[in-house]
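Everything on this sheet refers to the single structure shown next.
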Amino acid sequence: DRISIIKRTSVGQPLIDFTMNDTLGNPITLSEYAAGKYVLVDFWAAWCAPCRRENPNVFANFNTYKDSGFTVFGVSFDQKKENWIEAINEDGLAWGQVSDLQGWANAAGKLYGIKSIPQNILLDPQGMIIGKNLRGEALGEKLEELLGK
């Protein structure tokens, strides 16, 4: 089963679609959110210190490339909605955020075989996986390669 998930989520594979609720309870479908854009699907949680340390980097890249066809789709492994919303506000995460509030049992996390966070996948405008676990300088370098300065 694990090998199957790894194969389905490898670079070159199409996104695995899912629908999950945003902070207001509205359902958001990844394929609709991602249509025609480069999208970083960012698996994180409010309680995850490494995730929170990476958020300023994601935020900076979002601001640099948001007008060039790049966005972020946050998938939270939180269980407490108030903590999730507070972290979004504290970190200034100005992009789509979803969660099923199931912690490690997060349905999208299971689809993508997420066993630790932070993790991310980068999708191209056609919904193909073109990068995985791009953090720190690696994210900015990949986005510059794809979208220019």
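Simple scheme: letters A, B, ... for chains in structure tokens order, numbers from 1 for residues in each chain, numbers from 1 for ligands in the order shown.
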query = Could you pull the residues within 10 Å of Gly25 (chain A), counting only C-alpha atoms, minus those fewer than 5 positions along the same chain, as a PyMOL selection string?
reply = chain A and resi 20+98-100
message = So that I can see what lies close to Val39 (chain A), please list as JSON, numbers by chain the residues with an atom at most 12 Å from it, counting only C-alpha atoms and leaving out residues fewer than 4 positions away in the same chain.
response = {"A": [15, 30, 31, 32, 33, 34, 35, 58, 61, 62, 65, 66, 68, 69, 70, 71, 72, 73, 74, 95, 96, 120, 121, 122, 123, 124, 125, 126, 127, 128, 129, 130, 131, 132, 139, 143, 146]}
task = Assign secondary structure with DSSP using the backbone only, and return the residues of region 3-103 of chain A in strand (DSSP E) as a PyMOL selection string.
result = chain A and resi 19-21+27-29+38-44+70-76+96-98
Output file for the selection above: N, CA and C atoms, as an mmCIF file, in the first residue's frame:
```cif
data_model
loop_
_atom_site.group_PDB
_atom_site.id
_atom_site.type_symbol
_atom_site.label_atom_id
_atom_site.label_comp_id
_atom_site.auth_asym_id
_atom_site.auth_seq_id
_atom_site.Cartn_x
_atom_site.Cartn_y
_atom_site.Cartn_z
ATOM 1 N N THR A 19 -11.494 17.073 -1.648
ATOM 2 C CA THR A 19 -12.282 18.227 -1.236
ATOM 3 C C THR A 19 -12.283 18.257 0.285
ATOM 4 N N MET A 20 -12.026 19.436 0.842
ATOM 5 C CA MET A 20 -11.987 19.603 2.291
ATOM 6 C C MET A 20 -12.495 21.002 2.603
ATOM 7 N N ASN A 21 -12.966 21.202 3.813
ATOM 8 C CA ASN A 21 -13.536 22.492 4.187
ATOM 9 C C ASN A 21 -12.480 23.505 4.586
ATOM 10 N N PRO A 27 -16.573 23.905 1.324
ATOM 11 C CA PRO A 27 -15.747 22.884 0.687
ATOM 12 C C PRO A 27 -14.912 23.460 -0.454
ATOM 13 N N ILE A 28 -13.625 23.111 -0.479
ATOM 14 C CA ILE A 28 -12.702 23.542 -1.528
ATOM 15 C C ILE A 28 -12.098 22.277 -2.139
ATOM 16 N N THR A 29 -12.144 22.192 -3.462
ATOM 17 C CA THR A 29 -11.579 21.051 -4.174
ATOM 18 C C THR A 29 -10.223 21.461 -4.743
ATOM 19 N N TYR A 38 0.488 27.390 -10.779
ATOM 20 C CA TYR A 38 1.454 26.609 -10.018
ATOM 21 C C TYR A 38 0.981 26.674 -8.573
ATOM 22 N N VAL A 39 0.837 25.526 -7.937
ATOM 23 C CA VAL A 39 0.302 25.493 -6.575
ATOM 24 C C VAL A 39 1.207 24.646 -5.684
ATOM 25 N N LEU A 40 1.575 25.236 -4.551
ATOM 26 C CA LEU A 40 2.289 24.499 -3.520
ATOM 27 C C LEU A 40 1.238 23.988 -2.532
ATOM 28 N N VAL A 41 1.049 22.668 -2.489
ATOM 29 C CA VAL A 41 0.155 22.069 -1.501
ATOM 30 C C VAL A 41 1.003 21.845 -0.266
ATOM 31 N N ASP A 42 0.700 22.617 0.771
ATOM 32 C CA ASP A 42 1.541 22.689 1.968
ATOM 33 C C ASP A 42 0.854 21.984 3.132
ATOM 34 N N PHE A 43 1.400 20.844 3.546
ATOM 35 C CA PHE A 43 0.878 20.093 4.681
ATOM 36 C C PHE A 43 1.567 20.612 5.942
ATOM 37 N N TRP A 44 0.776 21.093 6.907
ATOM 38 C CA TRP A 44 1.332 21.755 8.074
ATOM 39 C C TRP A 44 0.340 21.659 9.233
ATOM 40 N N PHE A 70 1.290 31.803 -9.290
ATOM 41 C CA PHE A 70 1.633 30.883 -8.199
ATOM 42 C C PHE A 70 0.724 31.139 -7.007
ATOM 43 N N THR A 71 0.309 30.067 -6.343
ATOM 44 C CA THR A 71 -0.415 30.199 -5.092
ATOM 45 C C THR A 71 -0.075 29.019 -4.190
ATOM 46 N N VAL A 72 -0.630 29.039 -2.999
ATOM 47 C CA VAL A 72 -0.393 28.002 -2.003
ATOM 48 C C VAL A 72 -1.750 27.480 -1.545
ATOM 49 N N PHE A 73 -1.790 26.210 -1.220
ATOM 50 C CA PHE A 73 -2.997 25.563 -0.696
ATOM 51 C C PHE A 73 -2.589 24.852 0.582
ATOM 52 N N GLY A 74 -2.939 25.429 1.726
ATOM 53 C CA GLY A 74 -2.558 24.865 3.010
ATOM 54 C C GLY A 74 -3.502 23.756 3.434
ATOM 55 N N VAL A 75 -2.931 22.636 3.864
ATOM 56 C CA VAL A 75 -3.707 21.508 4.387
ATOM 57 C C VAL A 75 -3.233 21.278 5.816
ATOM 58 N N SER A 76 -4.097 21.607 6.767
ATOM 59 C CA SER A 76 -3.714 21.568 8.169
ATOM 60 C C SER A 76 -4.018 20.221 8.821
ATOM 61 N N GLY A 96 -5.476 29.923 0.363
ATOM 62 C CA GLY A 96 -6.476 28.933 0.742
ATOM 63 C C GLY A 96 -5.969 27.965 1.800
ATOM 64 N N GLN A 97 -6.815 27.713 2.780
ATOM 65 C CA GLN A 97 -6.493 26.808 3.878
ATOM 66 C C GLN A 97 -7.659 25.851 4.078
ATOM 67 N N VAL A 98 -7.351 24.565 4.195
ATOM 68 C CA VAL A 98 -8.381 23.567 4.459
ATOM 69 C C VAL A 98 -7.915 22.610 5.547
#
```
Can you pull out every residue within 12 Å of Asp1 (chain A), counting only C-alpha atoms, but drop anything in the same chain fewer than 5 positions away, and send it as a CSV table (one decimal) with C-alpha atoms, in the first residue's frame?
```csv
chain,number,residue,atom,x,y,z
A,6,ILE,CA,4.7,6.7,-3.2
A,7,LYS,CA,4.3,5.8,-6.9
A,8,ARG,CA,1.0,7.8,-7.2
A,110,LYS,CA,-3.5,9.8,3.9
A,111,LEU,CA,-4.0,10.2,0.1
A,112,TYR,CA,-0.5,11.7,-0.2
A,113,GLY,CA,1.1,9.3,2.3
```
request  = Please indicate the distance in Å from CA of Gly103 (chain A) to CA of Asn83 (chain A), rounded to one decimal place.
outcome  =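 Pair CA of Gly103 (chain A) / CA of Asn83 (chain A) returns 12.2 Å.
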task = Name the residues of region 82-116 of chain A that fall into alpha helix (DSSP H) according to DSSP on the backbone, using the chain letters and numbers of this document, as a list in words.
result =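 Written out, the alpha helix (DSSP H) residues of region 82-116 of chain A are Glu82, Asn83, Trp84, Ile85, Glu86, Ala87, Ile88, Asn89, Glu90, Asp91, Ala107, Ala108, Gly109, Lys110 and Leu111 of chain A.
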Quick one: write out the picked residues with N, CA and C atoms as a CSV table (one decimal), in the first residue's frame?
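The new file out.csv reads:
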```csv
chain,number,residue,atom,x,y,z
A,82,GLU,N,-9.8,26.5,16.5
A,82,GLU,CA,-9.4,27.8,17.0
A,82,GLU,C,-7.9,28.0,16.9
A,83,ASN,N,-7.1,26.9,17.2
A,83,ASN,CA,-5.6,27.0,17.1
A,83,ASN,C,-5.2,27.2,15.6
A,84,TRP,N,-5.9,26.5,14.7
A,84,TRP,CA,-5.6,26.5,13.3
A,84,TRP,C,-5.8,28.0,12.8
A,85,ILE,N,-7.0,28.5,13.1
A,85,ILE,CA,-7.3,29.9,12.7
A,85,ILE,C,-6.3,30.9,13.3
A,86,GLU,N,-6.0,30.7,14.5
A,86,GLU,CA,-5.1,31.6,15.2
A,86,GLU,C,-3.7,31.6,14.5
A,87,ALA,N,-3.2,30.4,14.2
A,87,ALA,CA,-1.9,30.3,13.5
A,87,ALA,C,-1.9,30.9,12.1
A,88,ILE,N,-3.0,30.8,11.4
A,88,ILE,CA,-3.2,31.4,10.0
A,88,ILE,C,-3.1,32.9,10.2
A,89,ASN,N,-3.8,33.5,11.2
A,89,ASN,CA,-3.7,34.9,11.4
A,89,ASN,C,-2.4,35.4,11.9
A,90,GLU,N,-1.8,34.7,12.8
A,90,GLU,CA,-0.5,35.1,13.4
A,90,GLU,C,0.6,35.1,12.3
A,91,ASP,N,0.6,34.1,11.4
A,91,ASP,CA,1.6,33.9,10.4
A,91,ASP,C,1.3,34.6,9.1
A,107,ALA,N,-7.5,13.2,5.9
A,107,ALA,CA,-7.8,12.4,4.7
A,107,ALA,C,-6.9,12.7,3.5
A,108,ALA,N,-6.6,14.0,3.3
A,108,ALA,CA,-5.6,14.4,2.3
A,108,ALA,C,-4.2,13.9,2.6
A,109,GLY,N,-3.9,13.9,3.8
A,109,GLY,CA,-2.6,13.4,4.2
A,109,GLY,C,-2.4,11.9,3.9
A,110,LYS,N,-3.5,11.2,4.2
A,110,LYS,CA,-3.5,9.8,3.9
A,110,LYS,C,-3.4,9.5,2.4
A,111,LEU,N,-4.1,10.3,1.5
A,111,LEU,CA,-4.0,10.2,0.1
A,111,LEU,C,-2.6,10.4,-0.4
```
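When the distance limit is 8 Å and only C-alpha atoms are what count, the residues near Glu54 (chain A), minus those fewer than 3 positions from it on the same chain, are Pro50, Cys51, Asn57, Val58, Arg135 and Gly136 of chain A.
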ask   = Any idea what the distance is between CA of Asn55 (chain A) and CA of Gln119 (chain A)?
value =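 Computing the Euclidean distance for CA of Asn55 (chain A) and CA of Gln119 (chain A) yields 11.8 Å.
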Point-to-point distance from CA of Glu137 (chain A) to CA of Arg52 (chain A), Å rounded to tenths = 16.0 Å
